[in-house]
>>> print(open('target.pdb').read())   # PDB, C-alpha atoms
ATOM      1  CA  MET A   8     -37.659  -7.528 -39.326
ATOM      2  CA  LEU A   9     -35.804 -10.149 -40.760
ATOM      3  CA  PRO A  10     -37.465 -12.510 -43.126
ATOM      4  CA  ARG A  11     -40.925 -13.298 -42.028
ATOM      5  CA  ALA A  12     -40.127 -16.293 -39.915
ATOM      6  CA  SER A  13     -36.805 -15.204 -38.598
ATOM      7  CA  PHE A  14     -37.240 -11.473 -38.287
ATOM      8  CA  ALA A  15     -40.606 -11.911 -36.752
ATOM      9  CA  ALA A  16     -38.747 -14.288 -34.625
ATOM     10  CA  GLY A  17     -35.836 -12.392 -33.524
ATOM     11  CA  PHE A  18     -36.625  -8.956 -34.486
ATOM     12  CA  LEU A  19     -40.255  -8.851 -34.656
ATOM     13  CA  VAL A  20     -39.496  -9.544 -33.066
ATOM     14  CA  SER A  21     -39.654 -11.347 -30.521
ATOM     15  CA  ILE A  22     -45.806 -14.549 -26.152
ATOM     16  CA  LEU A  23     -48.659 -16.951 -25.169
ATOM     17  CA  LEU A  24     -51.511 -14.624 -24.324
ATOM     18  CA  SER A  25     -54.976 -13.974 -25.566
ATOM     19  CA  ALA A  26     -53.910 -10.334 -25.644
ATOM     20  CA  CYS A  27     -50.786  -8.298 -25.098
ATOM     21  CA  THR A  28     -52.077  -6.634 -21.994
ATOM     22  CA  THR A  29     -50.952  -9.428 -19.703
ATOM     23  CA  SER A  30     -47.891  -9.219 -17.528
ATOM     24  CA  GLY A  31     -45.183  -7.194 -19.209
ATOM     25  CA  LEU A  32     -42.335  -4.872 -18.456
ATOM     26  CA  ALA A  33     -44.612  -2.066 -17.383
ATOM     27  CA  PRO A  34     -43.537   1.178 -15.739
ATOM     28  CA  THR A  35     -43.449   1.213 -11.971
ATOM     29  CA  GLY A  36     -44.608   3.790  -9.486
ATOM     30  CA  SER A  37     -47.860   5.457  -8.540
ATOM     31  CA  THR A  38     -49.380   8.904  -8.775
ATOM     32  CA  SER A  39     -51.240  10.958  -6.200
ATOM     33  CA  SER A  40     -52.204  14.572  -5.767
ATOM     34  CA  ALA A  41     -51.834  16.811  -2.760
ATOM     35  CA  SER A  42     -54.997  17.573  -0.817
ATOM     36  CA  THR A  43     -56.204  20.534   1.208
ATOM     37  CA  PRO A  44     -58.525  20.566   4.230
ATOM     38  CA  THR A  45     -61.378  21.722   1.993
ATOM     39  CA  ASN A  46     -60.908  19.177  -0.820
ATOM     40  CA  PRO A  47     -61.284  15.383  -0.690
ATOM     41  CA  THR A  48     -58.091  13.393  -1.132
ATOM     42  CA  PRO A  49     -57.855  12.088  -4.718
ATOM     43  CA  PRO A  50     -57.525   8.322  -5.091
ATOM     44  CA  VAL A  51     -54.069   6.860  -5.554
ATOM     45  CA  VAL A  52     -53.617   5.262  -8.986
ATOM     46  CA  SER A  53     -51.270   2.286  -8.932
ATOM     47  CA  ALA A  54     -49.309   1.249 -12.011
ATOM     48  CA  THR A  55     -49.175  -2.342 -13.188
ATOM     49  CA  PRO A  56     -46.502  -4.070 -11.089
ATOM     50  CA  THR A  57     -43.283  -4.978 -12.851
ATOM     51  CA  PRO A  58     -42.675  -8.731 -12.897
ATOM     52  CA  THR A  59     -39.924  -9.975 -10.626
ATOM     53  CA  TRP A  60     -37.666 -12.225 -12.673
ATOM     54  CA  SER A  61     -35.258 -14.794 -11.304
ATOM     55  CA  ALA A  62     -31.617 -14.516 -12.349
ATOM     56  CA  ASP A  63     -32.120 -17.184 -15.029
ATOM     57  CA  GLN A  64     -35.282 -15.555 -16.354
ATOM     58  CA  ALA A  65     -33.618 -12.138 -16.516
ATOM     59  CA  SER A  66     -30.608 -13.615 -18.317
ATOM     60  CA  ALA A  67     -32.860 -15.407 -20.810
ATOM     61  CA  ILE A  68     -34.835 -12.237 -21.521
ATOM     62  CA  GLN A  69     -31.579 -10.367 -22.079
ATOM     63  CA  ALA A  70     -30.440 -13.128 -24.441
ATOM     64  CA  VAL A  71     -33.573 -12.598 -26.533
ATOM     65  CA  GLU A  72     -32.925  -8.847 -26.626
ATOM     66  CA  ASP A  73     -29.337  -9.475 -27.733
ATOM     67  CA  TYR A  74     -30.641 -11.777 -30.455
ATOM     68  CA  ARG A  75     -33.213  -9.227 -31.601
ATOM     69  CA  THR A  76     -30.540  -6.515 -31.687
ATOM     70  CA  ALA A  77     -28.184  -8.627 -33.797
ATOM     71  CA  SER A  78     -31.057  -9.577 -36.091
ATOM     72  CA  GLN A  79     -32.082  -5.965 -36.535
ATOM     73  CA  GLN A  80     -28.545  -4.880 -37.329
ATOM     74  CA  ILE A  81     -28.251  -7.457 -40.106
ATOM     75  CA  GLY A  82     -31.820  -7.172 -41.386
ATOM     76  CA  SER A  83     -31.594  -3.397 -41.702
ATOM     77  CA  ARG A  84     -28.516  -3.587 -43.964
ATOM     78  CA  PRO A  85     -27.878  -7.159 -45.163
ATOM     79  CA  SER A  86     -25.837  -5.885 -48.110
ATOM     80  CA  ASP A  87     -23.177  -4.667 -45.654
ATOM     81  CA  PHE A  88     -22.563  -8.170 -44.277
ATOM     82  CA  THR A  89     -20.812 -11.143 -45.776
ATOM     83  CA  GLU A  90     -22.226 -14.580 -44.991
ATOM     84  CA  ALA A  91     -19.324 -15.192 -42.592
ATOM     85  CA  GLN A  92     -19.987 -11.926 -40.776
ATOM     86  CA  MET A  93     -23.665 -12.795 -40.396
ATOM     87  CA  LYS A  94     -22.768 -16.154 -38.884
ATOM     88  CA  THR A  95     -20.205 -14.626 -36.529
ATOM     89  CA  ALA A  96     -22.668 -12.037 -35.224
ATOM     90  CA  LEU A  97     -25.465 -14.547 -34.699
ATOM     91  CA  LYS A  98     -23.389 -17.330 -33.158
ATOM     92  CA  LYS A  99     -22.867 -15.098 -30.129
ATOM     93  CA  VAL A 100     -26.605 -14.965 -29.435
ATOM     94  CA  ALA A 101     -28.179 -18.040 -31.055
ATOM     95  CA  GLY A 102     -27.776 -21.783 -31.492
ATOM     96  CA  PRO A 103     -26.668 -23.469 -34.751
ATOM     97  CA  GLN A 104     -30.112 -24.137 -36.246
ATOM     98  CA  VAL A 105     -31.343 -20.606 -35.583
ATOM     99  CA  VAL A 106     -28.148 -19.183 -37.098
ATOM    100  CA  LYS A 107     -28.532 -21.375 -40.186
ATOM    101  CA  ALA A 108     -32.165 -20.367 -40.782
ATOM    102  CA  ASN A 109     -31.562 -16.680 -40.158
ATOM    103  CA  VAL A 110     -28.492 -16.445 -42.373
ATOM    104  CA  ALA A 111     -30.387 -18.087 -45.226
ATOM    105  CA  SER A 112     -33.123 -15.477 -44.868
ATOM    106  CA  TYR A 113     -30.685 -12.565 -44.742
ATOM    107  CA  LEU A 114     -28.806 -13.817 -47.784
ATOM    108  CA  SER A 115     -32.133 -13.954 -49.627
ATOM    109  CA  LEU A 116     -32.823 -10.341 -48.681
ATOM    110  CA  LYS A 117     -29.314  -9.355 -49.764
ATOM    111  CA  LYS A 118     -29.673 -11.106 -53.119
ATOM    112  CA  ARG A 119     -32.942  -9.298 -53.825
ATOM    113  CA  GLY A 120     -31.658  -5.921 -52.660
ATOM    114  CA  LEU A 121     -34.135  -5.680 -49.793
ATOM    115  CA  ARG A 122     -33.809  -4.554 -46.202
ATOM    116  CA  TYR A 123     -35.955  -3.723 -43.198
ATOM    117  CA  ASP A 124     -36.433  -0.074 -42.335
ATOM    118  CA  GLY A 125     -37.644   1.125 -38.942
ATOM    119  CA  THR A 126     -37.895  -0.384 -35.493
ATOM    120  CA  THR A 127     -40.098  -2.710 -33.488
ATOM    121  CA  SER A 128     -41.023  -2.601 -29.813
ATOM    122  CA  VAL A 129     -41.900  -5.234 -27.245
ATOM    123  CA  LEU A 130     -45.321  -4.650 -25.713
ATOM    124  CA  SER A 131     -45.228  -7.478 -23.195
ATOM    125  CA  THR A 132     -42.967 -10.256 -21.986
ATOM    126  CA  ILE A 133     -43.629 -13.590 -20.319
ATOM    127  CA  ALA A 134     -40.872 -15.889 -19.109
ATOM    128  CA  SER A 135     -41.458 -19.486 -18.037
ATOM    129  CA  ASP A 136     -39.931 -20.894 -14.893
ATOM    130  CA  PRO A 137     -36.401 -22.192 -15.584
ATOM    131  CA  SER A 138     -36.294 -25.924 -16.222
ATOM    132  CA  ASP A 139     -33.477 -28.465 -16.233
ATOM    133  CA  VAL A 140     -33.393 -30.086 -19.678
ATOM    134  CA  GLY A 141     -30.531 -32.434 -18.857
ATOM    135  CA  TYR A 142     -27.876 -30.582 -20.812
ATOM    136  CA  GLY A 143     -28.576 -27.164 -19.348
ATOM    137  CA  VAL A 144     -31.223 -24.713 -18.171
ATOM    138  CA  GLU A 145     -34.108 -23.650 -20.414
ATOM    139  CA  VAL A 146     -36.446 -20.662 -20.216
ATOM    140  CA  VAL A 147     -39.197 -19.979 -22.741
ATOM    141  CA  VAL A 148     -39.613 -16.249 -23.383
ATOM    142  CA  THR A 149     -42.756 -14.963 -25.089
ATOM    143  CA  HIS A 150     -42.913 -11.486 -26.589
ATOM    144  CA  CYS A 151     -45.814  -9.508 -27.981
ATOM    145  CA  ILE A 152     -44.041  -7.350 -30.574
ATOM    146  CA  ASP A 153     -45.399  -4.202 -32.210
ATOM    147  CA  GLN A 154     -44.097  -4.197 -35.794
ATOM    148  CA  ARG A 155     -46.075  -1.232 -37.116
ATOM    149  CA  GLY A 156     -42.915   0.878 -37.152
ATOM    150  CA  ILE A 157     -41.050  -1.331 -39.612
ATOM    151  CA  LYS A 158     -41.357  -2.008 -43.330
ATOM    152  CA  LEU A 159     -39.541  -3.974 -45.994
ATOM    153  CA  VAL A 160     -37.988  -1.695 -48.625
ATOM    154  CA  ASP A 161     -35.911  -2.011 -51.793
ATOM    155  CA  LYS A 162     -32.607  -0.314 -52.609
ATOM    156  CA  ALA A 163     -34.434   2.930 -53.404
ATOM    157  CA  GLY A 164     -36.225   2.863 -50.065
ATOM    158  CA  VAL A 165     -39.578   2.030 -51.668
ATOM    159  CA  GLU A 166     -41.760  -0.206 -49.527
ATOM    160  CA  VAL A 167     -42.388  -3.664 -50.946
ATOM    161  CA  SER A 168     -44.238  -5.134 -47.945
ATOM    162  CA  GLY A 169     -47.524  -6.632 -49.037
ATOM    163  CA  ASP A 170     -46.780  -6.278 -52.747
ATOM    164  CA  GLY A 171     -47.825  -9.859 -53.412
ATOM    165  CA  SER A 172     -44.312 -11.293 -53.178
ATOM    166  CA  GLY A 173     -45.062 -12.877 -49.828
ATOM    167  CA  ASP A 174     -42.738 -10.496 -47.992
ATOM    168  CA  SER A 175     -45.388  -9.085 -45.696
ATOM    169  CA  VAL A 176     -44.825  -7.637 -42.241
ATOM    170  CA  ALA A 177     -47.657  -8.178 -39.775
ATOM    171  CA  ASP A 178     -48.600  -5.287 -37.485
ATOM    172  CA  PHE A 179     -48.118  -7.462 -34.408
ATOM    173  CA  ASN A 180     -46.154 -10.614 -33.753
ATOM    174  CA  LEU A 181     -46.685 -12.998 -30.853
ATOM    175  CA  ARG A 182     -43.403 -14.907 -30.730
ATOM    176  CA  GLN A 183     -41.925 -17.567 -28.499
ATOM    177  CA  TYR A 184     -38.191 -17.998 -27.979
ATOM    178  CA  THR A 185     -36.627 -21.129 -26.526
ATOM    179  CA  VAL A 186     -33.585 -19.904 -24.630
ATOM    180  CA  GLN A 187     -30.983 -22.215 -23.126
ATOM    181  CA  GLN A 188     -27.765 -22.024 -21.172
ATOM    182  CA  ARG A 189     -26.067 -25.321 -21.866
ATOM    183  CA  THR A 190     -23.676 -26.869 -19.391
ATOM    184  CA  ASP A 191     -20.651 -26.124 -21.552
ATOM    185  CA  GLU A 192     -21.648 -22.495 -22.190
ATOM    186  CA  GLU A 193     -21.314 -19.358 -20.088
ATOM    187  CA  ARG A 194     -24.478 -17.603 -21.245
ATOM    188  CA  PHE A 195     -28.010 -18.108 -22.494
ATOM    189  CA  ARG A 196     -28.600 -18.182 -26.245
ATOM    190  CA  VAL A 197     -31.700 -18.511 -28.417
ATOM    191  CA  TYR A 198     -32.039 -22.115 -29.599
ATOM    192  CA  GLY A 199     -35.483 -21.879 -31.128
ATOM    193  CA  THR A 200     -38.073 -19.356 -32.220
ATOM    194  CA  ALA A 201     -41.637 -19.800 -33.427
ATOM    195  CA  PRO A 202     -45.027 -18.076 -33.553
ATOM    196  CA  ALA A 203     -46.938 -18.465 -30.299
ATOM    197  CA  LYS A 204     -50.616 -19.259 -29.885
ATOM    198  CA  GLY A 205     -52.873 -16.375 -29.018
ATOM    199  CA  THR A 206     -53.389 -12.816 -30.186
ATOM    200  CA  CYS A 207     -51.105  -9.833 -29.882
ATOM    201  CA  ALA A 208     -52.413  -6.293 -30.053
ATOM    202  CA  PRO A 209     -52.465  -3.213 -27.830
TER     203      PRO A 209
END
>>> encode(input="target.pdb", output="structure tokens")
Amino acid sequence: MLPRASFAAGFLVSILLSACTTSGLAPTGSTSSASTPTNPTPPVVSATPTPTWSADQASAIQAVEDYRTASQQIGSRPSDFTEAQMKTALKKVAGPQVVKANVASYLSLKKRGLRYDGTTSVLSTIASDPSDVGYGVEVVVTHCIDQRGIKLVDKAGVEVSGDGSGDSVADFNLRQYTVQQRTDEERFRVYGTAPAKGTCAP
């Protein structure tokens, strides 16, 4: 995950629900069984419908995924990146303030010889309706992120999460991303990330 605030942000991952079971990217389809003249027809079980996103919403959600991917790549091996390389990778997917905060966190990890090991997964996604903010289009994307598969480790691969240093990784992270496509830009990028109100658990 990246440092608590940022990794939980972009990596962890990742949001405005009382639980993570609300609308998400659920599988589509339904199941049914064949019937015979002597057996009653089993009921058809319908899966949770997949949300239909507008083009802007889909692009904003993809921008968050691109940001999370870049964050994971750096957070999992910060020692392999120079500060300039971190900035270059993040500038493609995030705005200046997000880049600045994230790079500072990664450099702190690098200095202490720490990295994130494992992966996170998005349990649910909510995207606000696109809005005109005057200088572009904004969509707020909320993720419920399962972080149980990731831990903070030292150079020897020993877990340090929860060792009292403050570098803890929560099991779940309800995170809100402010995503914008500004008038002078060709794509959406993450311009803000913060914890969202509510709970996040399976």
>>> residues_around(input="target.pdb", residues="Phe179 of chain A", least_positions_apart="2", cutoff="10 Å", atoms="all atoms listed in the file", output="JSON, numbers by chain")
{"A": [15, 19, 20, 27, 127, 128, 129, 130, 151, 152, 153, 154, 155, 176, 177, 181, 182, 206, 207, 208, 209]}
>>> write_last_selection(input="target.pdb", atoms="C-alpha atoms", output="PDB file, in the coordinates of the input")
ATOM      1  CA  ALA A  15     -40.606 -11.911 -36.752  1.00  0.00           C
ATOM      2  CA  LEU A  19     -40.255  -8.851 -34.656  1.00  0.00           C
ATOM      3  CA  VAL A  20     -39.496  -9.544 -33.066  1.00  0.00           C
ATOM      4  CA  CYS A  27     -50.786  -8.298 -25.098  1.00  0.00           C
ATOM      5  CA  THR A 127     -40.098  -2.710 -33.488  1.00  0.00           C
ATOM      6  CA  SER A 128     -41.023  -2.601 -29.813  1.00  0.00           C
ATOM      7  CA  VAL A 129     -41.900  -5.234 -27.245  1.00  0.00           C
ATOM      8  CA  LEU A 130     -45.321  -4.650 -25.713  1.00  0.00           C
ATOM      9  CA  CYS A 151     -45.814  -9.508 -27.981  1.00  0.00           C
ATOM     10  CA  ILE A 152     -44.041  -7.350 -30.574  1.00  0.00           C
ATOM     11  CA  ASP A 153     -45.399  -4.202 -32.210  1.00  0.00           C
ATOM     12  CA  GLN A 154     -44.097  -4.197 -35.794  1.00  0.00           C
ATOM     13  CA  ARG A 155     -46.075  -1.232 -37.116  1.00  0.00           C
ATOM     14  CA  VAL A 176     -44.825  -7.637 -42.241  1.00  0.00           C
ATOM     15  CA  ALA A 177     -47.657  -8.178 -39.775  1.00  0.00           C
ATOM     16  CA  LEU A 181     -46.685 -12.998 -30.853  1.00  0.00           C
ATOM     17  CA  ARG A 182     -43.403 -14.907 -30.730  1.00  0.00           C
ATOM     18  CA  THR A 206     -53.389 -12.816 -30.186  1.00  0.00           C
ATOM     19  CA  CYS A 207     -51.105  -9.833 -29.882  1.00  0.00           C
ATOM     20  CA  ALA A 208     -52.413  -6.293 -30.053  1.00  0.00           C
ATOM     21  CA  PRO A 209     -52.465  -3.213 -27.830  1.00  0.00           C
TER      22      PRO A 209
END
>>> resolve_selection(input="target.pdb", expression="the PyMOL selection byres ((chain A and resi 125) around 6)", output="JSON, numbers by chain")
{"A": [124, 126, 156, 157]}
>>> closest_atom_pairs(input="target.pdb", of="segment 57-135 of chain A", to="segment 190-194 of chain A", cutoff="12 Å", atoms="only C-alpha atoms", output="JSON lines")
{"residue": "A:Ala62", "atom": "CA", "partner": "A:Arg194", "partner_atom": "CA", "distance": 11.8}
{"residue": "A:Asp63", "atom": "CA", "partner": "A:Arg194", "partner_atom": "CA", "distance": 9.9}
{"residue": "A:Ala65", "atom": "CA", "partner": "A:Arg194", "partner_atom": "CA", "distance": 11.7}
{"residue": "A:Ser66", "atom": "CA", "partner": "A:Arg194", "partner_atom": "CA", "distance": 7.9}
{"residue": "A:Ala67", "atom": "CA", "partner": "A:Arg194", "partner_atom": "CA", "distance": 8.7}
{"residue": "A:Ile68", "atom": "CA", "partner": "A:Arg194", "partner_atom": "CA", "distance": 11.7}
{"residue": "A:Gln69", "atom": "CA", "partner": "A:Arg194", "partner_atom": "CA", "distance": 10.2}
{"residue": "A:Ala70", "atom": "CA", "partner": "A:Arg194", "partner_atom": "CA", "distance": 8.1}
{"residue": "A:Val71", "atom": "CA", "partner": "A:Arg194", "partner_atom": "CA", "distance": 11.7}
{"residue": "A:Asp73", "atom": "CA", "partner": "A:Arg194", "partner_atom": "CA", "distance": 11.5}
{"residue": "A:Lys98", "atom": "CA", "partner": "A:Arg194", "partner_atom": "CA", "distance": 12.0}
{"residue": "A:Lys99", "atom": "CA", "partner": "A:Arg194", "partner_atom": "CA", "distance": 9.4}
{"residue": "A:Val100", "atom": "CA", "partner": "A:Arg194", "partner_atom": "CA", "distance": 8.9}
{"residue": "A:Ala101", "atom": "CA", "partner": "A:Arg194", "partner_atom": "CA", "distance": 10.5}
{"residue": "A:Gly102", "atom": "CA", "partner": "A:Glu192", "partner_atom": "CA", "distance": 11.2}
>>> atom_distance(input="target.pdb", atom1="atom CA of Gly205 of chain A", atom2="atom CA of Thr132 of chain A")
13.6 Å
>>> resolve_selection(input="target.pdb", expression="the PyMOL selection byres ((chain A and resi 134) around 7)", output="PyMOL selection string")
chain A and resi 64+132-133+135-136+146-149
>>> residues_around(input="target.pdb", residues="Val106 of chain A", least_positions_apart="3", cutoff="10 Å", atoms="all atoms listed in the file", output="PDB file with C-alpha atoms, in the coordinates of the input")
ATOM      1  CA  SER A  13     -36.805 -15.204 -38.598  1.00  0.00           C
ATOM      2  CA  MET A  93     -23.665 -12.795 -40.396  1.00  0.00           C
ATOM      3  CA  LYS A  94     -22.768 -16.154 -38.884  1.00  0.00           C
ATOM      4  CA  THR A  95     -20.205 -14.626 -36.529  1.00  0.00           C
ATOM      5  CA  ALA A  96     -22.668 -12.037 -35.224  1.00  0.00           C
ATOM      6  CA  LEU A  97     -25.465 -14.547 -34.699  1.00  0.00           C
ATOM      7  CA  LYS A  98     -23.389 -17.330 -33.158  1.00  0.00           C
ATOM      8  CA  LYS A  99     -22.867 -15.098 -30.129  1.00  0.00           C
ATOM      9  CA  VAL A 100     -26.605 -14.965 -29.435  1.00  0.00           C
ATOM     10  CA  ALA A 101     -28.179 -18.040 -31.055  1.00  0.00           C
ATOM     11  CA  GLY A 102     -27.776 -21.783 -31.492  1.00  0.00           C
ATOM     12  CA  PRO A 103     -26.668 -23.469 -34.751  1.00  0.00           C
ATOM     13  CA  ASN A 109     -31.562 -16.680 -40.158  1.00  0.00           C
ATOM     14  CA  VAL A 110     -28.492 -16.445 -42.373  1.00  0.00           C
ATOM     15  CA  ALA A 111     -30.387 -18.087 -45.226  1.00  0.00           C
ATOM     16  CA  SER A 112     -33.123 -15.477 -44.868  1.00  0.00           C
ATOM     17  CA  VAL A 197     -31.700 -18.511 -28.417  1.00  0.00           C
ATOM     18  CA  TYR A 198     -32.039 -22.115 -29.599  1.00  0.00           C
ATOM     19  CA  GLY A 199     -35.483 -21.879 -31.128  1.00  0.00           C
TER      20      GLY A 199
END
>>> resolve_selection(input="target.pdb", expression="the PyMOL selection byres ((chain A and resi 119) around 12)", output="JSON list (two decimals) with C-alpha atoms, in the coordinates of the input")
[["chain", "number", "residue", "atom", "x", "y", "z"],
["A", 85, "PRO", "CA", -27.88, -7.16, -45.16],
["A", 86, "SER", "CA", -25.84, -5.88, -48.11],
["A", 112, "SER", "CA", -33.12, -15.48, -44.87],
["A", 113, "TYR", "CA", -30.68, -12.56, -44.74],
["A", 114, "LEU", "CA", -28.81, -13.82, -47.78],
["A", 115, "SER", "CA", -32.13, -13.95, -49.63],
["A", 116, "LEU", "CA", -32.82, -10.34, -48.68],
["A", 117, "LYS", "CA", -29.31, -9.36, -49.76],
["A", 118, "LYS", "CA", -29.67, -11.11, -53.12],
["A", 120, "GLY", "CA", -31.66, -5.92, -52.66],
["A", 121, "LEU", "CA", -34.14, -5.68, -49.79],
["A", 122, "ARG", "CA", -33.81, -4.55, -46.20],
["A", 159, "LEU", "CA", -39.54, -3.97, -45.99],
["A", 160, "VAL", "CA", -37.99, -1.70, -48.62],
["A", 161, "ASP", "CA", -35.91, -2.01, -51.79],
["A", 162, "LYS", "CA", -32.61, -0.31, -52.61],
["A", 167, "VAL", "CA", -42.39, -3.66, -50.95],
["A", 172, "SER", "CA", -44.31, -11.29, -53.18],
["A", 174, "ASP", "CA", -42.74, -10.50, -47.99]]
>>> atom_distance(input="target.pdb", atom1="atom CA of Gln187 of chain A", atom2="atom CA of Gly141 of chain A")
11.1 Å
>>> atom_distance(input="target.pdb", atom1="atom CA of Thr200 of chain A", atom2="atom CA of Asp139 of chain A")
19.0 Å
>>> residues_near_point(input="target.pdb", point="(-29.5, -9.6, -37.2)", cutoff="8 Å", atoms="all atoms listed in the file", output="list in words")
Leu9, Gly17, Phe18, Tyr74, Arg75, Thr76, Ala77, Ser78, Gln79, Gln80, Ile81, Gly82, Ser83, Met93, Ala96, Leu97 and Asn109 of chain A
>>> axis_aligned_box(input="target.pdb", around="segment 149-156 of chain A", padding_each_side="6 Å", output="AutoDock Vina command-line options")
--center_x -44.4 --center_y -7.0 --center_z -31.1 --size_x 15.3 --size_y 27.8 --size_z 24.1
